[in-house]
Every structure is written in C-alpha cells, then in structure tokens.
>>> print(open('my_file.cif').read())   # mmCIF, C-alpha atoms
data_model
loop_
_atom_site.label_atom_id
_atom_site.label_comp_id
_atom_site.auth_asym_id
_atom_site.auth_seq_id
_atom_site.Cartn_x
_atom_site.Cartn_y
_atom_site.Cartn_z
CA MET A 121 57.99 117.13 -101.71
CA PRO A 122 61.24 118.99 -102.22
CA CYS A 123 61.26 121.75 -104.81
CA ILE A 124 63.64 124.32 -106.21
CA GLU A 125 63.09 127.43 -108.33
CA ILE A 126 65.36 128.04 -111.33
CA ARG A 127 64.89 131.22 -113.34
CA GLY A 128 61.19 131.43 -112.44
CA PHE A 129 60.37 127.71 -112.93
CA VAL A 130 59.55 125.47 -109.95
CA VAL A 131 61.01 121.96 -110.24
CA THR A 132 59.72 119.22 -107.93
CA GLY A 133 60.12 115.51 -107.22
CA LYS A 134 62.87 113.52 -108.93
CA CYS A 135 63.77 116.47 -111.13
CA CYS A 136 64.43 118.45 -108.00
CA ASP A 137 66.71 115.73 -106.64
CA LEU A 138 68.70 115.91 -109.87
CA PHE A 139 69.11 119.65 -109.67
CA LEU A 140 70.16 119.52 -106.06
CA ASP A 141 73.48 118.13 -107.18
CA GLN A 142 75.83 120.93 -106.16
CA LYS A 143 77.96 120.80 -109.30
CA ILE A 144 74.92 121.21 -111.52
CA LEU A 145 73.62 124.06 -109.40
CA SER A 146 76.97 125.83 -109.56
CA HIS A 147 77.03 125.50 -113.34
CA ILE A 148 73.49 126.85 -113.67
CA ARG A 149 74.22 129.82 -111.42
CA ALA A 150 77.42 130.63 -113.28
CA THR A 151 75.67 130.38 -116.65
CA ASN A 152 72.74 132.53 -115.55
CA THR A 153 75.06 135.12 -114.02
CA ARG A 154 77.07 135.33 -117.24
CA MET A 155 73.95 135.61 -119.40
CA TYR A 156 72.68 138.59 -117.44
CA HIS A 157 75.92 140.36 -116.58
CA ASP A 158 78.43 139.78 -119.41
CA PRO A 159 77.88 142.55 -121.96
CA VAL A 160 79.68 140.59 -124.72
CA GLN A 161 80.13 136.85 -125.21
CA VAL A 162 81.95 134.55 -127.61
CA ILE A 163 79.76 131.52 -128.34
CA LEU A 164 81.47 128.68 -130.23
CA GLU A 165 79.93 125.68 -131.98
CA ARG A 166 83.20 123.81 -131.45
CA GLU A 167 86.67 124.44 -130.13
CA PRO A 168 89.22 125.95 -132.56
CA ARG A 169 91.63 123.51 -134.19
CA CYS A 170 94.28 126.18 -134.78
CA ARG A 171 97.26 125.90 -132.43
CA ASN A 172 98.76 129.38 -132.65
CA PRO A 173 96.52 131.34 -135.01
CA LEU A 174 96.71 134.65 -136.76
CA LEU A 175 93.43 136.42 -135.95
CA ILE A 176 92.09 138.98 -138.44
CA GLU A 177 89.12 141.21 -137.67
CA GLY A 178 87.03 143.14 -140.17
CA PHE A 179 84.26 145.36 -138.77
CA PRO A 180 82.25 147.92 -140.74
CA GLY A 181 83.86 151.35 -140.74
CA ILE A 182 85.16 153.90 -143.24
CA GLY A 183 84.49 152.64 -146.76
CA LEU A 184 83.43 149.29 -145.25
CA VAL A 185 87.02 148.26 -146.00
CA GLY A 186 87.37 145.79 -143.13
CA ASN A 187 83.90 144.34 -143.65
CA ILE A 188 84.34 143.78 -147.40
CA ALA A 189 87.88 142.42 -147.07
CA SER A 190 87.03 139.98 -144.27
CA GLN A 191 83.90 138.58 -145.92
CA TYR A 192 85.65 138.20 -149.27
CA MET A 193 88.51 136.29 -147.61
CA ILE A 194 86.06 133.98 -145.83
CA HIS A 195 84.48 132.97 -149.15
CA GLU A 196 87.69 132.90 -151.18
CA LEU A 197 89.50 130.73 -148.61
CA LYS A 198 86.39 128.59 -147.97
CA MET A 199 86.74 129.10 -144.24
CA ASN A 200 84.67 127.08 -141.76
CA TYR A 201 82.14 128.63 -139.39
CA LEU A 202 83.40 128.46 -135.81
CA GLY A 203 81.00 130.56 -133.76
CA ALA A 204 79.74 134.06 -133.07
CA MET A 205 79.83 137.00 -130.73
CA THR A 206 76.66 138.29 -129.13
CA SER A 207 75.91 141.34 -127.03
CA ARG A 208 73.01 143.28 -125.62
CA TYR A 209 74.62 146.30 -127.34
CA PHE A 210 73.88 144.92 -130.82
CA PRO A 211 70.89 146.27 -132.76
CA PRO A 212 67.86 143.94 -132.81
CA LEU A 213 68.24 142.35 -136.22
CA ALA A 214 68.97 139.01 -137.86
CA VAL A 215 71.17 138.81 -140.95
CA LEU A 216 69.81 136.52 -143.68
CA LEU A 217 71.89 134.62 -146.21
CA GLY A 218 69.99 132.45 -148.66
CA GLY A 219 66.97 132.63 -146.37
CA VAL A 220 68.92 131.35 -143.35
CA VAL A 221 69.61 133.43 -140.25
CA ASN A 222 73.26 134.29 -139.63
CA MET A 223 74.58 135.92 -136.48
CA PRO A 224 75.68 139.50 -137.27
CA VAL A 225 79.17 139.02 -135.77
CA ARG A 226 80.72 135.72 -136.81
CA ILE A 227 83.97 133.79 -136.36
CA TYR A 228 85.52 131.55 -139.02
CA GLU A 229 88.54 129.25 -139.11
CA ARG A 230 90.91 127.70 -141.63
CA ASP A 231 93.01 125.42 -139.44
CA ASP A 232 95.49 124.32 -142.14
CA LEU A 233 96.44 128.01 -142.53
CA ASP A 234 96.37 128.59 -138.76
CA LEU A 235 93.95 131.45 -139.49
CA ILE A 236 90.88 132.75 -137.65
CA LEU A 237 88.75 135.55 -139.05
CA LEU A 238 86.21 137.70 -137.23
CA THR A 239 83.70 139.55 -139.42
CA SER A 240 80.67 141.71 -138.74
CA ASP A 241 77.63 142.94 -140.65
CA ILE A 242 76.88 145.62 -138.06
CA PRO A 243 78.85 148.66 -136.89
CA ILE A 244 79.85 148.61 -133.25
CA HIS A 245 78.54 151.52 -131.21
CA PRO A 246 81.32 153.56 -129.53
CA LEU A 247 79.84 152.80 -126.11
CA ALA A 248 80.21 149.07 -126.82
CA SER A 249 83.72 149.20 -128.31
CA TYR A 250 85.51 148.94 -124.96
CA ASP A 251 83.68 145.77 -123.87
CA MET A 252 83.89 144.28 -127.36
CA SER A 253 87.63 144.85 -127.65
CA ARG A 254 88.28 143.44 -124.17
CA GLU A 255 86.35 140.25 -124.99
CA ILE A 256 87.99 139.83 -128.40
CA VAL A 257 91.50 140.20 -126.96
CA ARG A 258 90.65 138.01 -123.94
CA TRP A 259 89.40 135.24 -126.22
CA ALA A 260 92.35 135.68 -128.59
CA ALA A 261 94.75 135.21 -125.68
CA SER A 262 92.84 132.12 -124.49
CA ILE A 263 93.41 130.37 -127.85
CA LYS A 264 97.07 131.41 -127.95
CA THR A 265 96.74 133.84 -130.86
CA ARG A 266 100.21 134.82 -132.09
CA GLU A 267 99.10 138.14 -133.61
CA ILE A 268 95.95 140.18 -134.26
CA VAL A 269 95.36 142.12 -137.47
CA CYS A 270 92.73 144.88 -137.64
CA LEU A 271 91.40 145.87 -141.07
CA ALA A 272 89.94 149.35 -141.41
CA GLY A 273 89.68 152.35 -143.72
CA ILE A 274 91.16 155.82 -143.78
CA THR A 275 89.69 158.80 -145.68
CA LEU A 276 92.13 160.81 -147.79
CA MET A 277 91.46 163.06 -150.77
CA THR A 278 93.33 160.92 -153.30
CA ASP A 279 92.43 157.85 -155.35
CA GLN A 280 95.79 156.11 -154.96
CA ARG A 281 94.32 153.44 -152.66
CA ARG A 282 97.46 153.17 -150.58
CA VAL A 283 97.48 151.05 -147.43
CA PHE A 284 98.67 152.55 -144.15
CA GLY A 285 99.93 150.51 -141.24
CA ALA A 286 100.20 150.95 -137.48
CA VAL A 287 101.37 148.53 -134.78
CA SER A 288 100.90 147.88 -131.09
CA HIS A 289 104.64 147.59 -130.43
CA GLU A 290 107.57 149.28 -132.16
CA GLU A 291 109.38 146.08 -133.11
CA LEU A 292 106.50 145.16 -135.42
CA LEU A 293 107.09 148.17 -137.69
CA GLU A 294 109.81 146.34 -139.62
CA LYS A 295 107.34 143.91 -141.20
CA LEU A 296 105.36 146.84 -142.62
CA ARG A 297 108.26 148.62 -144.27
CA GLY A 298 108.18 148.37 -148.04
CA VAL A 299 104.59 147.07 -147.95
CA THR A 300 102.53 149.88 -146.41
CA GLU A 301 102.87 153.54 -145.62
CA ILE A 302 103.58 153.95 -141.90
CA PHE A 303 100.72 155.79 -140.23
CA GLU A 304 103.03 158.16 -138.40
CA LEU A 305 100.57 160.52 -136.70
CA GLY A 306 96.81 160.40 -136.23
CA THR A 307 94.08 158.30 -134.66
CA ILE A 308 92.42 154.95 -135.36
CA ALA A 309 88.73 155.32 -134.58
CA GLY A 310 86.13 152.75 -133.65
CA ILE A 311 86.46 149.13 -132.64
CA SER A 312 89.81 148.67 -134.44
CA GLY A 313 91.30 151.47 -132.36
CA SER A 314 89.94 149.90 -129.17
CA ILE A 315 91.39 146.51 -130.09
CA MET A 316 94.79 148.05 -130.80
CA ASN A 317 94.73 149.79 -127.42
CA GLU A 318 93.77 146.57 -125.65
CA CYS A 319 96.54 144.64 -127.41
CA ARG A 320 99.04 147.30 -126.33
CA LEU A 321 97.89 146.96 -122.71
CA LYS A 322 97.86 143.14 -122.76
CA GLY A 323 101.17 142.77 -124.62
CA ILE A 324 99.65 140.99 -127.63
CA PRO A 325 101.29 141.79 -131.00
CA ALA A 326 98.83 143.63 -133.25
CA VAL A 327 98.89 145.31 -136.63
CA CYS A 328 96.27 147.66 -138.09
CA LEU A 329 96.04 147.97 -141.88
CA LEU A 330 94.05 150.96 -143.12
CA GLY A 331 92.95 151.06 -146.75
CA GLU A 332 92.84 154.50 -148.31
CA THR A 333 89.43 155.64 -149.57
CA MET A 334 87.95 158.95 -150.64
CA SER A 335 84.59 158.75 -148.83
CA ASP A 336 82.39 156.69 -146.53
CA GLU A 337 80.90 154.88 -149.53
CA PRO A 338 81.70 151.13 -149.80
CA ASP A 339 85.10 150.75 -151.46
CA PRO A 340 85.91 147.15 -152.54
CA ARG A 341 88.96 148.38 -154.45
CA SER A 342 90.46 149.69 -151.23
CA ALA A 343 89.55 146.38 -149.57
CA ALA A 344 91.42 144.57 -152.36
CA ALA A 345 94.51 146.73 -151.79
CA THR A 346 94.34 145.87 -148.07
CA ILE A 347 94.14 142.15 -148.83
CA ASP A 348 97.16 142.50 -151.14
CA ALA A 349 99.08 144.04 -148.22
CA LEU A 350 98.00 141.13 -145.99
CA ASN A 351 99.26 138.69 -148.61
CA ARG A 352 102.68 140.31 -148.72
CA ILE A 353 103.06 140.52 -144.94
CA TYR A 354 101.64 137.11 -143.95
CA GLY A 355 101.95 135.04 -147.14
CA LEU A 356 98.22 134.29 -147.41
CA ASN A 357 98.04 134.24 -151.24
CA VAL A 358 94.40 135.38 -151.45
CA SER A 359 93.56 136.36 -155.03
CA THR A 360 91.66 139.66 -155.28
CA ALA A 361 90.73 139.26 -158.97
CA LYS A 362 87.09 138.32 -158.26
CA LEU A 363 86.73 141.19 -155.79
CA LEU A 364 87.90 143.71 -158.36
CA GLU A 365 85.68 142.19 -161.07
CA ARG A 366 82.60 142.51 -158.86
CA ALA A 367 83.49 145.89 -157.36
CA ALA A 368 80.43 147.77 -158.66
CA GLU A 369 78.01 145.01 -157.61
CA ILE A 370 79.53 144.77 -154.14
CA GLU A 371 79.38 148.54 -153.69
CA MET A 372 75.61 148.48 -154.32
CA GLN A 373 74.99 145.48 -152.04
CA MET A 374 76.99 146.99 -149.19
CA GLN A 375 75.19 150.32 -149.51
CA GLN A 376 71.82 148.54 -149.18
CA LEU A 377 72.96 146.50 -146.16
CA ALA A 378 74.46 149.56 -144.47
CA ALA A 379 71.20 151.47 -144.96
CA GLN A 380 69.15 148.62 -143.44
CA VAL A 381 71.46 148.30 -140.42
CA LYS A 382 71.44 152.08 -139.89
CA THR A 383 67.64 152.16 -139.90
CA SER A 384 67.41 149.28 -137.38
CA ALA A 385 70.00 150.89 -135.10
CA GLU A 386 68.24 154.26 -135.21
CA GLU A 387 64.88 152.67 -134.35
CA ALA A 388 66.43 150.79 -131.42
CA THR A 389 68.12 153.96 -130.12
CA ALA A 390 64.89 155.94 -130.39
CA LYS A 391 63.07 153.35 -128.27
CA GLU A 392 65.83 153.12 -125.68
CA PHE A 393 66.54 156.85 -125.43
CA PRO A 394 63.26 158.67 -126.27
CA MET A 395 63.37 162.43 -126.87
CA TYR A 396 61.09 164.81 -125.01
CA GLY A 397 60.26 168.42 -125.72
#
>>> encode(input="my_file.cif", output="structure tokens")
Amino acid sequence: MPCIEIRGFVVTGKCCDLFLDQKILSHIRATNTRMYHDPVQVILEREPRCRNPLLIEGFPGIGLVGNIASQYMIHELKMNYLGAMTSRYFPPLAVLLGGVVNMPVRIYERDDLDLILLTSDIPIHPLASYDMSREIVRWAASIKTREIVCLAGITLMTDQRRVFGAVSHEELLEKLRGVTEIFELGTIAGISGSIMNECRLKGIPAVCLLGETMSDEPDPRSAAATIDALNRIYGLNVSTAKLLERAAEIEMQMQQLAAQVKTSAEEATAKEFPMYG
C-alpha cells in the first residue's frame, strides 16, 4: 500500500493517492517551508477591497501615540477587520477584547475611504523591526498602496503637543508645510524608523508624524493632535472629541496594558536567554 509522510503523519491508501497529486504536494511544501522559515507573515481573512489605499501604521512607542491614535481611528471610523500579522518574534500572549481573543497585531480596512490601518498592542523588539518593516512594505506594495503613514511619538520638554513630520522623499515635504513642524535633524527610533527606511529603499512614498509628549507615559492628547494633523493632510475628518473627553481613562487603561505586555515579554526573554553566574 502506498504511503507518504507529511509533517510527521503517515498517510496511506486513497488518502495517499490524493496527496500524490504534484500540485497539492507543491502547495504543502511551500506552505510548510513558509511556516518554518518566514519570520513574519501577513495572514488575511479576505482580500482587501481598496484599490489604491493609504496605509497608516500605529505601533506602541513613546507616549503610545501611534497605538492610541490608530485604535481610536479604527473605532471612530468603524473599520472592518481584514487580517493580522504574526511572527515568532512576538511575545507569547493573546489579547482579549470582551472575552474574545484578538491577534496582537491587526489590520483593518475602510474601503469607501480607500484606507487600511495597521495597529498593534505589543511593542516590536528592535531585533524584529527589520523583518517586520520589510514584510509590511512588501505587502503594502503588493496591494498597490499609494502612501504609508507612520504614527509615533517624540519626547520634548514642553506641553505644546506639536506634531513633527518627516518624509521618505523630499517632494513630500510640501504637504507637511503649515500643518506640522518639519523634523529637520534627529532620528526616528523603532519600527516606524525601520518602515521609513524601507520605504526610502523601495521608492514608496511615506510620511512619519510624531506627536510631541513630555514622557513615556500614555498621552492620548498627543495622539489627538496627531490625528488632527492626519485630518488636515489627508482629509480624513476623524473627530477627536471623544478621545479628549476620555483622555484620563485611556491613560490608565494603556498603562495597565503596557505593564502586562512588558511582564510577558520579560518572562519570554528570560526563558530564551537565561542568565548564568
């Protein structure tokens, strides 16, 4: 009786004849290879309906500006869940919302606005930023994204809550003038910086908006200022009134979530890289 082994399982008889179809075998091998060797993957529940979208990313960082802004926009615009990103670099945790598991890095769409939004509940480790940014920009190019916007924070010792802007290509600076301060000299750290670098290399137009904050504490007011800048540049018309009304509540919730994620990440790192001495 013919048999074949697939990922440790032995298949015999008629099932074996089915799997011997070369097209099926090629698909299985390709899938298995990707599962074990791709450090980051985009997994969609359906194909995007947007034709030429604006893609906005909001990962946790300084003041959780990008994280707060992106999640607020998802709810305010009633965006539809599209899929998620997964990686072996992510800490071992599941994010719960109303008792239901949510992937920690999620993708949403609002096709009538030609808008896709990528949000995350977990910080991206510096060692993972390169692979994450490559996959984000690769996927963005595959769906014909017209422009990528990175939302992040910048720490300054003022409470003005200005928004600073940087671009991947010089010709994009004009759209920032009169809306943001131009971030003339400095660095953009973390995943947003990696995405901006990748966009520069791949020739994809990209803008980074950095909301001014005074510390690493969650700052929904800075997130609101960043959304206001987005509205003026891209005509999104997202009201920030609810965000400002709930600023104190959001600050507390984000502090609790950040503490939980930090604890999980530290436990995972301790197991993976034990200390001796």
>>> closest_residue(input="my_file.cif", among="A:Ser262, A:Gln376, A:Thr333, A:Asn317", to="His289 of chain A", atoms="all atoms listed in the file")
A:Asn317
>>> closest_residue(input="my_file.cif", among="A:Met277, A:Leu238, A:Met334, A:Val287", to="Met193 of chain A", atoms="only C-alpha atoms")
A:Leu238
>>> residues_around(input="my_file.cif", residues="Gly310 of chain A", least_positions_apart="4", cutoff="12 Å", atoms="all atoms listed in the file", output="ChimeraX atom specification")
/A:178-182,186,243-250,252-253,270-274,314-317
>>> residues_around(input="my_file.cif", residues="segment 205-213 of chain A", least_positions_apart="3", cutoff="6 Å", atoms="all atoms listed in the file", output="list of chain:residue names")
A:Pro159, A:Val160, A:Gln161, A:Val162, A:Ile163, A:Val225, A:Ala385
>>> atom_distance(input="my_file.cif", atom1="atom CA of Tyr201 of chain A", atom2="atom CA of Leu184 of chain A")
21.5 Å
>>> resolve_selection(input="my_file.cif", expression="the PyMOL selection byres ((chain A and resi 278) around 12)", output="ChimeraX atom specification")
/A:274-277,279-282,331-335,342
>>> atom_distance(input="my_file.cif", atom1="atom CA of Gln380 of chain A", atom2="atom CA of Ile347 of chain A")
26.4 Å
>>> closest_residue(input="my_file.cif", among="A:Val358, A:Arg171, A:Val221, A:Ser312", to="Asn187 of chain A", atoms="only C-alpha atoms")
A:Ser312
>>> closest_residue(input="my_file.cif", among="A:Ala368, A:Leu363, A:Cys319, A:Ile188", to="Asp241 of chain A", atoms="all atoms listed in the file")
A:Ile188
>>> closest_atom_pairs(input="my_file.cif", of="segment 209-299 of chain A", to="segment 323-329 of chain A", cutoff="12 Å", atoms="only C-alpha atoms", output="tab-separated table")
residue	atom	partner	partner_atom	distance
A:Ile256	CA	A:Ile324	CA	11.7
A:Val257	CA	A:Ile324	CA	8.2
A:Arg258	CA	A:Ile324	CA	10.2
A:Trp259	CA	A:Ile324	CA	11.8
A:Ala260	CA	A:Ile324	CA	9.1
A:Ala261	CA	A:Ile324	CA	7.8
A:Ser262	CA	A:Ile324	CA	11.6
A:Lys264	CA	A:Ile324	CA	9.9
A:Thr265	CA	A:Ile324	CA	8.4
A:Arg266	CA	A:Pro325	CA	7.1
A:Glu267	CA	A:Pro325	CA	5.0
A:Ile268	CA	A:Ala326	CA	4.6
A:Val269	CA	A:Val327	CA	4.8
A:Cys270	CA	A:Cys328	CA	4.5
A:Leu271	CA	A:Leu329	CA	5.2
A:Ala272	CA	A:Leu329	CA	6.3
A:Gly273	CA	A:Leu329	CA	7.9
A:Ile274	CA	A:Leu329	CA	9.4
A:Arg282	CA	A:Leu329	CA	10.2
A:Val283	CA	A:Leu329	CA	6.5
A:Phe284	CA	A:Leu329	CA	5.7
A:Gly285	CA	A:Leu329	CA	4.7
A:Ala286	CA	A:Cys328	CA	5.2
A:Val287	CA	A:Val327	CA	4.5
A:Ser288	CA	A:Ala326	CA	5.2
A:His289	CA	A:Pro325	CA	6.7
A:Glu290	CA	A:Pro325	CA	9.8
A:Glu291	CA	A:Pro325	CA	9.4
A:Leu292	CA	A:Pro325	CA	7.6
A:Leu293	CA	A:Val327	CA	8.7
A:Glu294	CA	A:Val327	CA	11.4
A:Lys295	CA	A:Val327	CA	9.7
A:Leu296	CA	A:Val327	CA	8.9
A:Val299	CA	A:Leu329	CA	10.5
>>> closest_residue(input="my_file.cif", among="A:Asp232, A:Glu177, A:Asp339, A:Glu167", to="Leu356 of chain A", atoms="all atoms listed in the file")
A:Asp232
>>> residues_around(input="my_file.cif", residues="Asp234 of chain A", least_positions_apart="3", cutoff="10 Å", atoms="all atoms listed in the file", output="VMD selection string")
chain A and resid 168 to 175 229 to 231 265 to 266
>>> atom_distance(input="my_file.cif", atom1="atom CA of Ile353 of chain A", atom2="atom CA of Glu196 of chain A")
18.3 Å
>>> residues_around(input="my_file.cif", residues="Glu165 of chain A", least_positions_apart="4", cutoff="12 Å", atoms="only C-alpha atoms", output="PyMOL selection string")
chain A and resi 200-205+226-229
